[in-house]
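S.K.: structure36.tsv is reproduced in full below (TSV, C-alpha atoms).
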```tsv
chain	number	residue	atom	x	y	z
C	72	MET	CA	-17.06	-12.96	-13.12
C	73	LYS	CA	-14.97	-11.17	-10.53
C	74	ILE	CA	-11.38	-9.97	-10.50
C	75	VAL	CA	-9.53	-11.18	-7.40
C	76	ILE	CA	-6.24	-9.73	-6.17
C	77	HIS	CA	-3.76	-12.08	-4.53
C	78	LEU	CA	-1.29	-9.47	-3.37
C	79	ASP	CA	-1.47	-10.64	0.25
C	80	VAL	CA	-0.67	-14.23	-0.82
C	81	MET	CA	2.32	-13.09	-2.89
C	82	LEU	CA	3.55	-10.88	-0.05
C	83	ALA	CA	3.33	-13.82	2.35
C	84	LYS	CA	5.15	-16.09	-0.12
C	85	ARG	CA	7.99	-13.57	-0.51
C	86	LYS	CA	7.88	-12.78	3.22
C	87	MET	CA	7.62	-9.12	2.41
C	88	LYS	CA	5.70	-6.41	4.24
C	89	LEU	CA	3.46	-3.87	2.56
C	90	ASN	CA	5.76	-1.07	3.72
C	91	THR	CA	8.75	-2.65	2.01
C	92	LEU	CA	6.78	-3.17	-1.20
C	93	SER	CA	5.60	0.42	-1.03
C	94	GLU	CA	9.21	1.63	-0.80
C	95	LYS	CA	10.34	-0.63	-3.64
C	96	VAL	CA	7.45	0.22	-5.98
C	97	GLY	CA	7.10	3.89	-5.08
C	98	ILE	CA	3.37	3.72	-4.40
C	99	SER	CA	1.80	4.80	-1.12
C	100	VAL	CA	0.86	2.17	1.47
C	101	THR	CA	-2.72	3.48	1.34
C	102	ASN	CA	-2.99	2.76	-2.39
C	103	LEU	CA	-1.36	-0.66	-2.02
C	104	SER	CA	-3.73	-1.43	0.83
C	105	LEU	CA	-6.69	-0.45	-1.39
C	106	LEU	CA	-5.36	-2.80	-4.06
C	107	LYS	CA	-4.78	-5.60	-1.55
C	108	THR	CA	-8.29	-5.40	-0.15
C	109	GLY	CA	-9.84	-5.22	-3.60
C	110	LYS	CA	-11.25	-1.76	-3.06
C	111	ALA	CA	-9.35	-0.20	-5.99
C	112	LYS	CA	-11.33	0.26	-9.21
C	113	GLY	CA	-8.35	-0.47	-11.41
C	114	VAL	CA	-4.63	-0.88	-11.64
C	115	ARG	CA	-2.24	0.80	-14.06
C	116	PHE	CA	0.09	-1.34	-16.22
C	117	SER	CA	3.04	0.58	-14.80
C	118	THR	CA	1.97	-0.24	-11.22
C	119	LEU	CA	1.41	-3.88	-12.07
C	120	ALA	CA	4.80	-4.10	-13.78
C	121	ALA	CA	6.52	-2.48	-10.78
C	122	ILE	CA	4.80	-4.84	-8.31
C	123	CYS	CA	5.68	-7.88	-10.44
C	124	GLU	CA	9.29	-6.75	-10.62
C	125	ALA	CA	9.46	-6.21	-6.85
C	126	LEU	CA	7.80	-9.55	-6.06
C	127	ASP	CA	9.51	-11.39	-8.93
C	128	CYS	CA	6.28	-12.82	-10.30
C	129	GLU	CA	3.88	-12.68	-13.25
C	130	PRO	CA	0.72	-10.50	-13.40
C	131	GLY	CA	-1.31	-13.73	-13.27
C	132	ASP	CA	0.13	-14.47	-9.85
C	133	ILE	CA	-1.38	-11.28	-8.49
C	134	ILE	CA	-4.59	-11.03	-10.50
C	135	SER	CA	-7.00	-13.81	-11.31
C	136	ILE	CA	-10.60	-14.11	-12.42
C	137	GLU	CA	-13.21	-15.89	-10.37
C	138	LYS	CA	-16.62	-17.14	-11.52
C	139	GLU	CA	-19.44	-16.01	-9.26
Y	68	MET	CA	9.99	11.88	-17.48
Y	69	PHE	CA	11.97	14.93	-16.34
Y	70	TYR	CA	10.68	16.88	-19.36
Y	71	LEU	CA	7.07	15.96	-18.47
Y	72	LYS	CA	7.54	17.01	-14.83
Y	73	ASN	CA	9.12	20.28	-15.98
Y	74	PHE	CA	6.22	20.88	-18.39
Y	75	THR	CA	3.60	20.24	-15.64
Y	76	PHE	CA	5.51	22.58	-13.32
Y	77	LYS	CA	5.50	25.31	-16.00
Y	78	ILE	CA	1.73	24.92	-16.54
Y	79	LYS	CA	1.14	25.12	-12.77
Y	80	MET	CA	3.26	28.26	-12.57
Y	81	LYS	CA	1.30	29.84	-15.47
Y	82	THR	CA	-2.00	28.93	-13.80
Y	83	LYS	CA	-0.79	30.45	-10.53
Y	84	LYS	CA	0.19	33.64	-12.37
Y	85	SER	CA	-3.17	33.97	-14.14
Y	86	LEU	CA	-4.98	33.21	-10.87
Y	87	ARG	CA	-3.01	35.92	-9.11
Y	88	TRP	CA	-4.10	38.30	-11.87
Y	89	ALA	CA	-7.71	37.20	-11.53
Y	90	LEU	CA	-7.61	37.74	-7.76
Y	91	TRP	CA	-6.07	41.17	-8.26
Y	92	VAL	CA	-8.81	42.10	-10.77
Y	93	TYR	CA	-11.37	40.76	-8.28
Y	94	LYS	CA	-9.99	43.05	-5.55
Y	95	VAL	CA	-10.08	46.11	-7.83
Y	96	ILE	CA	-13.65	45.39	-8.97
Y	97	ASN	CA	-14.72	44.74	-5.38
Y	98	ILE	CA	-13.33	48.09	-4.23
Y	99	LEU	CA	-14.90	49.85	-7.26
Y	100	VAL	CA	-18.30	48.28	-6.52
Y	101	LEU	CA	-18.12	49.33	-2.87
Y	102	VAL	CA	-17.01	52.88	-3.72
Y	103	LEU	CA	-19.67	53.27	-6.43
Y	104	PHE	CA	-22.36	51.90	-4.16
Y	105	GLY	CA	-21.26	54.28	-1.38
Y	106	LEU	CA	-21.39	57.24	-3.76
Y	107	PHE	CA	-24.74	56.19	-5.22
Y	108	PHE	CA	-26.25	55.69	-1.78
Y	109	LEU	CA	-24.86	58.95	-0.37
Y	110	MET	CA	-26.05	60.85	-3.44
Y	111	LEU	CA	-29.60	59.57	-3.05
Y	112	VAL	CA	-29.65	60.14	0.71
Y	113	TYR	CA	-28.35	63.68	0.18
Y	114	SER	CA	-31.01	64.27	-2.47
Y	115	PHE	CA	-33.61	63.66	0.25
Y	116	ILE	CA	-32.00	66.28	2.50
Y	117	GLN	CA	-31.12	68.82	-0.23
Y	118	PRO	CA	-33.38	68.07	-3.22
Y	119	ASN	CA	-32.12	71.02	-5.27
Y	120	PHE	CA	-28.45	70.08	-4.94
Y	121	PHE	CA	-28.65	67.70	-7.93
Y	122	GLN	CA	-30.41	70.01	-10.36
Y	123	MET	CA	-28.03	69.17	-13.17
Y	124	LEU	CA	-28.00	65.40	-12.76
Y	125	ILE	CA	-29.94	63.70	-15.59
Y	126	VAL	CA	-31.37	60.33	-14.56
Y	127	ASN	CA	-33.35	59.29	-17.66
Y	128	ASP	CA	-31.38	56.04	-18.00
Y	129	ALA	CA	-32.00	55.03	-14.39
Y	130	PHE	CA	-35.55	54.00	-15.27
Y	131	GLU	CA	-34.67	51.95	-18.34
Y	132	ALA	CA	-34.92	48.17	-18.05
Y	133	GLY	CA	-31.64	46.26	-18.05
Y	134	PHE	CA	-28.76	45.35	-15.80
Y	135	GLY	CA	-27.36	48.10	-13.61
Y	136	ILE	CA	-28.51	51.43	-12.32
Y	137	GLY	CA	-28.15	53.31	-15.60
Y	138	ASN	CA	-25.97	56.25	-16.53
Y	139	PHE	CA	-26.13	59.38	-14.45
Y	140	ARG	CA	-25.11	62.42	-16.48
Y	141	PHE	CA	-24.16	65.87	-15.29
Y	142	CYS	CA	-25.18	68.60	-17.68
Y	143	THR	CA	-24.73	72.27	-16.98
Y	144	SER	CA	-26.44	73.73	-20.05
Y	145	CYS	CA	-28.97	71.12	-21.18
Y	146	THR	CA	-32.32	72.52	-22.22
Y	147	ASN	CA	-33.95	69.37	-23.54
Y	148	PRO	CA	-37.46	69.23	-22.01
Y	149	ASP	CA	-37.38	65.41	-22.07
Y	150	ASN	CA	-34.53	65.36	-19.57
Y	151	LEU	CA	-35.41	64.02	-16.14
Y	152	TYR	CA	-33.37	65.46	-13.30
Y	153	LEU	CA	-32.78	63.87	-9.91
Y	154	SER	CA	-34.17	66.96	-8.22
Y	155	ASP	CA	-37.48	66.46	-10.11
Y	156	LEU	CA	-38.02	62.97	-8.70
Y	157	GLY	CA	-40.54	62.32	-5.96
Y	158	ILE	CA	-39.77	60.40	-2.79
Y	159	ALA	CA	-41.32	57.17	-4.09
Y	160	MET	CA	-39.21	57.16	-7.26
Y	161	LYS	CA	-36.06	57.99	-5.31
Y	162	LEU	CA	-36.80	55.12	-2.94
Y	163	TRP	CA	-37.37	52.77	-5.90
Y	164	LEU	CA	-34.06	53.90	-7.39
Y	165	MET	CA	-32.37	53.26	-4.05
Y	166	LEU	CA	-33.97	49.84	-3.58
Y	167	ARG	CA	-33.16	48.68	-7.12
Y	168	GLY	CA	-29.59	49.91	-6.78
Y	169	LEU	CA	-29.22	48.23	-3.41
Y	170	ILE	CA	-30.49	44.89	-4.75
Y	171	PHE	CA	-28.15	45.09	-7.76
Y	172	PHE	CA	-25.14	46.02	-5.66
Y	173	VAL	CA	-25.84	43.24	-3.14
Y	174	LEU	CA	-26.21	40.71	-5.97
Y	175	ILE	CA	-22.99	41.89	-7.64
Y	176	PHE	CA	-21.21	41.72	-4.30
Y	177	LEU	CA	-22.46	38.17	-3.71
Y	178	VAL	CA	-21.44	37.13	-7.23
Y	179	LEU	CA	-17.95	38.54	-6.65
Y	180	LYS	CA	-17.68	36.77	-3.31
Y	181	THR	CA	-18.63	33.43	-4.88
Y	182	VAL	CA	-16.18	33.98	-7.75
Y	183	LYS	CA	-13.45	34.66	-5.18
Y	184	LYS	CA	-14.30	31.39	-3.42
Y	185	ILE	CA	-13.91	29.49	-6.71
Y	186	LEU	CA	-10.64	31.24	-7.54
Y	187	ARG	CA	-9.23	30.48	-4.09
Y	188	SER	CA	-10.13	26.79	-4.37
Y	189	ILE	CA	-8.49	26.60	-7.82
Y	190	GLU	CA	-5.42	28.28	-6.35
Y	191	SER	CA	-5.22	25.64	-3.62
Y	192	LEU	CA	-5.36	22.97	-6.37
Y	193	SER	CA	-8.73	21.56	-5.26
Y	194	THR	CA	-10.62	22.55	-8.40
Y	195	PHE	CA	-13.03	19.66	-8.81
Y	196	TYR	CA	-14.68	19.41	-5.45
Y	197	LYS	CA	-18.28	19.60	-4.26
Y	198	GLY	CA	-17.95	23.17	-2.97
Y	199	ASN	CA	-17.18	24.51	-6.45
Y	200	ILE	CA	-20.13	22.67	-8.01
Y	201	GLU	CA	-22.35	24.31	-5.38
Y	202	SER	CA	-20.71	27.70	-5.97
Y	203	PHE	CA	-21.48	27.55	-9.71
Y	204	ARG	CA	-25.09	26.62	-8.93
Y	205	VAL	CA	-25.31	29.58	-6.56
Y	206	LEU	CA	-23.83	31.84	-9.27
Y	207	ALA	CA	-26.45	30.59	-11.73
Y	208	LYS	CA	-29.15	31.37	-9.16
Y	209	TYR	CA	-27.82	34.91	-8.74
Y	210	GLY	CA	-27.69	35.21	-12.53
Y	211	PHE	CA	-31.37	34.29	-12.83
Y	212	TRP	CA	-32.29	36.77	-10.09
Y	213	ILE	CA	-30.33	39.49	-11.89
Y	214	SER	CA	-32.12	38.55	-15.15
Y	215	LEU	CA	-35.48	38.79	-13.45
Y	216	LEU	CA	-34.73	42.17	-11.94
Y	217	SER	CA	-33.14	43.51	-15.12
Y	218	ALA	CA	-36.15	42.52	-17.21
Y	219	PHE	CA	-38.29	45.43	-16.10
Y	220	ASN	CA	-38.18	48.90	-14.66
Y	221	PHE	CA	-40.80	51.59	-14.19
Y	222	PHE	CA	-41.31	55.25	-13.67
Y	223	VAL	CA	-44.50	56.54	-12.07
Y	224	GLN	CA	-44.81	60.17	-11.09
Y	225	GLY	CA	-47.83	62.43	-11.32
Y	226	GLU	CA	-49.68	61.60	-14.52
Y	227	THR	CA	-46.68	59.97	-16.16
Y	228	SER	CA	-46.27	56.23	-15.84
Y	229	VAL	CA	-43.82	54.25	-17.93
Y	230	ILE	CA	-43.03	50.54	-17.68
Y	231	ASN	CA	-39.94	49.33	-19.51
Y	232	PHE	CA	-39.30	45.73	-20.47
Y	233	THR	CA	-36.29	44.03	-21.98
Y	234	ILE	CA	-34.82	40.54	-22.35
Y	235	PRO	CA	-31.53	40.55	-20.42
Y	236	PHE	CA	-29.54	38.24	-22.69
Y	237	GLY	CA	-26.27	38.95	-20.90
Y	238	SER	CA	-27.36	37.84	-17.44
Y	239	ILE	CA	-29.35	34.88	-18.83
Y	240	ALA	CA	-26.23	33.77	-20.72
Y	241	PHE	CA	-24.19	34.19	-17.51
Y	242	ALA	CA	-26.64	32.05	-15.51
Y	243	LEU	CA	-26.73	29.34	-18.18
Y	244	THR	CA	-22.93	29.32	-18.47
Y	245	CYS	CA	-22.67	28.86	-14.69
Y	246	LEU	CA	-25.14	25.98	-14.81
Y	247	VAL	CA	-23.15	24.32	-17.60
Y	248	LEU	CA	-19.92	24.88	-15.64
Y	249	SER	CA	-21.43	23.30	-12.52
Y	250	ASP	CA	-22.20	20.20	-14.61
Y	251	VAL	CA	-18.70	20.25	-16.10
Y	252	PHE	CA	-17.22	20.42	-12.59
Y	253	LYS	CA	-19.49	17.58	-11.49
Y	254	GLU	CA	-18.14	15.47	-14.37
Y	255	GLY	CA	-14.62	16.53	-13.38
Y	256	GLN	CA	-15.21	15.43	-9.80
Y	257	LEU	CA	-16.40	12.01	-10.98
Y	258	LEU	CA	-13.35	11.63	-13.24
Y	259	LEU	CA	-11.05	12.68	-10.41
Y	260	GLU	CA	-12.64	10.16	-8.05
Y	261	ASP	CA	-12.24	7.49	-10.75
Y	262	ASN	CA	-8.63	8.47	-11.27
Y	263	LYS	CA	-7.96	8.40	-7.53
Y	264	SER	CA	-9.39	4.91	-7.20
Y	265	ILE	CA	-7.05	3.55	-9.87
Y	266	VAL	CA	-3.78	2.50	-8.27
```
Now, as a test, write the supplied structure out as structure tokens.

M.R.:
Amino acid sequence: MKIVIHLDVMLAKRKMKLNTLSEKVGISVTNLSLLKTGKAKGVRFSTLAAICEALDCEPGDIISIEKE
Amino acid sequence: MFYLKNFTFKIKMKTKKSLRWALWVYKVINILVLVLFGLFFLMLVYSFIQPNFFQMLIVNDAFEAGFGIGNFRFCTSCTNPDNLYLSDLGIAMKLWLMLRGLIFFVLIFLVLKTVKKILRSIESLSTFYKGNIESFRVLAKYGFWISLLSAFNFFVQGETSVINFTIPFGSIAFALTCLVLSDVFKEGQLLLEDNKSIV
């Protein structure tokens, strides 16, 4: 089982750049980039809520589980 | 949120204040160590040139085992036959006194320098980093060296030979505390890395 982040897909759907999301959410581009590439070890509920609010989506749209 | 930020700011300010105090105390101790070492060294060197100058300086404690160079006492009217005066010491014993003192002073100086390094890194808000873990390990190493050197001392002159032994609990405790702290800082570094990798 693997957690997959679909932040790049959601950004493309909303036609939003990482910089814009960073400004809206208040999280550095570096941290968002880590999240996007799946290098982050975890994500805080507050961050997830802020991203969902900015992208107008549900947590399930950004995070999903994949069977290996 | 504002209250929390204010509270964190207050804690940081308090830490800064206590660190400033610690650095000030460090400076005072450093100067004291240097001055005392200078005096000790000059006194011993002068005792080689003018052996009778220190006729009233009792150095019995200097040959006891334990941390430090012992108490040097000036006595103008002491008649105790057990008293050992600096002027009575032979060259070998004076050299031993000098060497032991030098080693202790160098070790104290190195310990102080390492402590300063740790304090400076805490001041610059990079407490849990690899350098501090190493510094605590180095401090523990110095502590064990001090324990080893404090454990014994001897006095050999003419027909008298005395070897003193002791268990230096203080320096052993210091070394062990530093080892524990290095592990605590290692744990702290891991937690910090974990925290940093959570977005």

S.K.: Could you list as a ChimeraX atom specification every residue that has an atom within 7 Å of (-27.4, 58.6, -12.8), using the file's coordinates and counting all atoms listed in the file?

M.R.: /Y:124-126,129,137-140

S.K.: Which residues are close to Thr101 of chain C, i.e. within 10 Å by all atoms listed in the file, leaving aside same-chain residues fewer than 4 positions away? Reply as a list in words.

M.R.: Leu89, Asn90, Ser93, Leu105, Leu106 and Lys107 of chain C; Val266 of chain Y

S.K.: What residues in chain C have any atom no more than 10 Å from chain Y when counting only C-alpha atoms, and can you write them as a list in words?

M.R.: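 Residues passing the distance filter: Ile98, Ser99, Thr101, Asn102, Leu103, Ser104, Leu105, Leu106, Lys110, Ala111, Lys112, Gly113, Val114, Arg115, Phe116, Ser117, Thr118 and Leu119 of chain C.
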
S.K.: Name all residues at most 8 Å from segment 164-181 of chain Y (count all atoms listed in the file; drop same-chain ones fewer than 5 positions away) and give them as a ChimeraX atom specification.

M.R.: /Y:93,97,100,104,108,111,129,135-136,202,205-206,209,213

S.K.: Could you pull the residues within 8 Å of Ala125 of chain C, counting all atoms listed in the file, minus those fewer than 6 positions along the same chain, as JSON, numbers by chain?

M.R.: {"C": [92, 95, 96]}
